[in-house]
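This report refers to the structure that appears directly beneath it.
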There are 2 protein chains.
Amino acid sequence: MTQNTRADVIAAAGRLFATHGYHGTSMRTLGRELGLVGSSLYSHIGSKEELLVEVVRQGAALFEASVDKARAAGGTGREQLRELVRGHLDVVLDNADISATYLNEASVLDADHRRQVLDERNRYEGAFREVLALGAADGSLPVGTDPKLTAIFVLSILNAVPRWFRPGGRLDREALTDEIVRLLE
Amino acid sequence: MTQNTRADVIAAAGRLFATHGYHGTSMRTLGRELGLVGSSLYSHIGSKEELLVEVVRQGAALFEASVDKARAAGGTGREQLRELVRGHLDVVLDNADISATYLNEASVLDADHRRQVLDERNRYEGAFREVLALGAADGSLPVGTDPKLTAIFVLSILNAVPRWFRPGGRLDREALTDEIVRLLE
DNA sequence: GGTTGACGAACGAACGTTCGTTCTTTACGA
DNA sequence: TCGTAAAGAACGAACGTTCGTTCGTCAACC
């Protein structure tokens, strides 16, 4: 009979928000997930919305850490793009609940937090644009395509991966990364 | 002061389900959308869930009609792929509410209806796989890529289009179709 | 012995839905 | 052409339930 911590509650919330959505998750259901009664959750958190804000904050942090790592490594545009793609895959597959909530449930947030998420996503997408432009400039990626549109395409593919990818299948992460980068040749 | 019909209620439901989700939409809110009080909706429909089933059914019909039309036209693999892509764009842009609900809210359905949607989506994706394989066979599309994976990539891009595409921008549907098909060269 | 986590009762509000009734439009026989 | 009945659409009150949340209490542990 281990004790539940605030982090446990947030993690469980991410799990349920990801599968049933924010509005589809009740505090009593969330309590049951942790072996608690609904009202007991308020020993750890202030409100249901605070839970969503926290999960989304963690999601944003994961993507930001990934992009920072990829860009710090340096290299050609193509090499950095590969790191961005691989990092994104790691985030959405290793933290499926948090990232799904970050990507799908941010629309429920109040205007301020929603704007924060939108800005963060735009900066993130900007990194993809920059790396694609860099690759066009240094010759490691084709020149013909618009970085803006290509960034959208790549992120569309990446964000949909958790919907179909199953570890242990014919394709592993490394090969999937290759396939996505090769698509841009 | 026009009268509301069953079709009006379903259309409004699609609109709200698409923007706020099924669980985020109350019958009273839906009523207000039509200038009605919540209970009045039950003159037109049997239950809230019936509304979701109906919207999803319409979504499935739209995609099925699109794929039928594209394949009936015949032509090379590349030509049919272009028709599939263009048809998909038309569906998700001209019926944004219905298609968004079909794509995002089907998980709320009971097991039977959910399975129906899954099967329908699989058939739909199968058409993309077939056309890609046809294109590889007739030489109109490159041979190197796996049709299964490529179909997933293309559909990932297509389904995300309503999230960023705005009519009247630099890129119109025709040009976007070209860009997506060109990605596979 | 104070702190912390959990409980269970209770709150007001909102939920989906039912019901009897009213109002408006349509259909049709006299 | 009129009068009237049937039908359709909307109302508002009320239902049982669930929602998020508050509060006082209690047991376990440092």
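Chain labels follow the order of the structure tokens: the first chain is A, the next B, and so on; residue numbering restarts at 1 in every chain, and ligands are counted from 1 in their shown order.
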
Give me, as a Markdown table, the closest atom pair and its distance (Å, one decimal) for every residue of chain C within a cut-off of 8 Å of chain A, counting only C-alpha atoms (C1' of nucleotides), rows sorted by chain and rising number.
```
| residue | atom | partner | partner_atom | distance |
| --- | --- | --- | --- | --- |
| C:DG5 | C1' | A:Ser43 | CA | 6.7 |
| C:DA6 | C1' | A:Ser40 | CA | 5.7 |
| C:DC7 | C1' | A:Ser40 | CA | 7.3 |
```

Excluding Arg182 (chain A) and any residue of its chain fewer than 6 positions from it, enumerate the residues within 12 Å of it, using only C-alpha atoms (C1' of nucleotides), and give them as a list in words.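 Result of the neighbour search: Arg78, Glu79, Leu81, Arg82, Val85, Ser140, Leu141, Pro142, Val154, Ala175 and Leu176 of chain A; Gly144, Thr145, Thr150, Leu183, Leu184 and Glu185 of chain B.
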
Nearest to chain D by atom-to-atom distance, counting only C-alpha atoms (C1' of nucleotides), from A:Ala18, A:Val161, A:Ala136, A:Ile45: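 Nearest candidate to chain D out of A:Ala18, A:Val161, A:Ala136, A:Ile45: A:Ile45.
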
Skipping near chain neighbours, those fewer than 5 positions away, what residues fall within 9 Å of Arg57 (chain A) using only C-alpha atoms (C1' of nucleotides), listed as a PDB file with C-alpha atoms, in the first residue's frame?
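around_38.pdb was written with the following content:
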```
ATOM      1  CA  LEU A  52      -4.495  19.751 -17.163  1.00  0.00           C
ATOM      2  CA  LEU A  62       9.473  17.486 -23.195  1.00  0.00           C
ATOM      3  CA  TYR A 102      -0.464  18.242 -24.896  1.00  0.00           C
ATOM      4  CA  VAL A 117       0.890  26.429 -26.002  1.00  0.00           C
TER       5      VAL A 117
END
```

Taking only C-alpha atoms (C1' of nucleotides) into account, find every residue of chain D that has an atom no more than 10 Å from chain B, and write it out as an MDAnalysis selection string. chainID D and resid 8:12

With C-alpha atoms (C1' of nucleotides) retained, could you export that selection as an mmCIF file, in the first residue's frame?
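Generated file (again.cif):
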```
data_model
loop_
_atom_site.group_PDB
_atom_site.id
_atom_site.type_symbol
_atom_site.label_atom_id
_atom_site.label_comp_id
_atom_site.auth_asym_id
_atom_site.auth_seq_id
_atom_site.Cartn_x
_atom_site.Cartn_y
_atom_site.Cartn_z
ATOM 1 C "C1'" DG D 8 -44.926 19.146 -35.659
ATOM 2 C "C1'" DA D 9 -41.978 22.120 -32.992
ATOM 3 C "C1'" DA D 10 -40.906 24.358 -28.853
ATOM 4 C "C1'" DC D 11 -41.501 25.349 -24.036
ATOM 5 C "C1'" DG D 12 -40.628 25.015 -18.947
#
```

Quick one: of B:Ser156, B:Gln58, B:Thr19, B:Thr29, who's nearest to Val91 (chain B), counting only C-alpha atoms? B:Gln58

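Proximity to chain A was assessed for B:Leu155, B:Ala12, B:Leu134, B:Val181 counting only C-alpha atoms; the smallest distance is recorded for B:Leu155.
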
Have a look at A:Arg15, A:His23, A:Arg6, A:Arg71 and name the one nearest to chain B; count only C-alpha atoms.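 Going through A:Arg15, A:His23, A:Arg6, A:Arg71 one by one, the smallest distance to chain B is for A:His23.
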
Using backbone DSSP assignments, extract all alpha helix (DSSP H) residues from chain A; output them as an MDAnalysis selection string. chainID A and resid 6:20 27:33 48:72 77:94 96:104 111:138 147:160 173:182

Residues within 10 Å of DC15 (chain C), please, as a PDB file with C-alpha atoms (C1' of nucleotides), in the first residue's frame. Count only C-alpha atoms (C1' of nucleotides); anything in the same chain fewer than 5 positions from it doesn't count.
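Result saved to part.pdb:
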```pdb
ATOM      1  CA  SER B  26     -24.147  19.833 -23.482  1.00  0.00           C
ATOM      2  CA  MET B  27     -27.649  19.478 -24.842  1.00  0.00           C
ATOM      3  CA  ARG B  28     -28.514  22.909 -23.478  1.00  0.00           C
TER       4      ARG B  28
ATOM      5  C1'  DT D  17     -27.785  11.332 -11.551  1.00  0.00           C
ATOM      6  C1'  DT D  18     -23.217  12.993 -11.847  1.00  0.00           C
ATOM      7  C1'  DC D  19     -20.167  16.766 -11.675  1.00  0.00           C
TER       8       DC D  19
END
```

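Nearest to chain A of all the residues B:Val56, B:Ala96, B:Leu132, B:Val108 is B:Val108, counting only C-alpha atoms.
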
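With only C-alpha atoms as the atoms that count, the minimum distance from chain B to the choices A:Ser47, A:Asn95, A:Thr25, A:Gln116 is reached by A:Thr25.
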
Which polymer residues have any atom within 12 Å of an atom of DA6 (chain D), counting only C-alpha atoms (C1' of nucleotides), with same-chain residues fewer than 4 positions away left out, as a ChimeraX atom specification? /C:25-28

Produce a file of the selected residues containing N, CA and C atoms (P, O5', C5', C4', C3', O3' and C1' of nucleotides), as a CSV table (one decimal), in the first residue's frame.
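Saved result, again-v9.csv, follows:
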```
chain,number,residue,atom,x,y,z
C,25,DT,P,-46.6,30.0,-38.2
C,25,DT,O5',-46.8,28.7,-39.2
C,25,DT,C5',-45.8,27.7,-39.2
C,25,DT,C4',-46.5,26.4,-39.6
C,25,DT,C3',-47.2,26.4,-41.0
C,25,DT,O3',-46.4,25.6,-41.9
C,25,DT,C1',-48.5,25.2,-39.4
C,26,DT,P,-46.9,25.5,-43.5
C,26,DT,O5',-47.8,24.2,-43.5
C,26,DT,C5',-47.2,23.0,-42.9
C,26,DT,C4',-48.3,21.9,-42.9
C,26,DT,C3',-49.1,21.7,-44.3
C,26,DT,O3',-49.0,20.3,-44.7
C,26,DT,C1',-50.6,21.9,-42.5
C,27,DA,P,-49.6,19.9,-46.1
C,27,DA,O5',-51.0,19.3,-45.6
C,27,DA,C5',-51.1,18.5,-44.5
C,27,DA,C4',-52.5,17.8,-44.4
C,27,DA,C3',-53.1,17.6,-45.8
C,27,DA,O3',-53.8,16.3,-45.8
C,27,DA,C1',-54.5,19.0,-44.4
C,28,DC,P,-54.6,15.8,-47.1
C,28,DC,O5',-56.1,16.1,-46.7
C,28,DC,C5',-56.5,15.8,-45.4
C,28,DC,C4',-58.0,16.2,-45.2
C,28,DC,C3',-58.8,16.1,-46.5
C,28,DC,O3',-60.1,15.6,-46.1
C,28,DC,C1',-58.9,18.3,-45.6
```

Between CA of Gly31 (chain B) and CA of Val92 (chain B), what is the distance in Å, rounded to a tenth?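 Straight-line distance from CA of Gly31 (chain B) to CA of Val92 (chain B) works out to 25.5 Å.
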
One decimal, Å: what's the distance from CA of Phe153 (chain A) over to CA of Leu16 (chain A), could you say?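 Interatomic distance, CA of Phe153 (chain A) to CA of Leu16 (chain A): 28.5 Å.
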
Show which residues sit within 10 Å of Arg123 (chain B), as a list in words. Count only C-alpha atoms (C1' of nucleotides), and ignore same-chain residues fewer than 6 positions away.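 Residues meeting the cut-off are Glu64, Val67, Val117 and Arg129 of chain B.
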
Within 10 Å of Phe17 (chain A), counting only C-alpha atoms (C1' of nucleotides), which residues qualify if same-chain residues fewer than 3 places away don't, as a PyMOL selection string? chain A and resi 11-14+20-26+30+51-52+55+97-98+100-102+104-105

Between C1' of DA10 (chain C) and CA of Gly46 (chain A), what is the spacing in Å? 19.0 Å
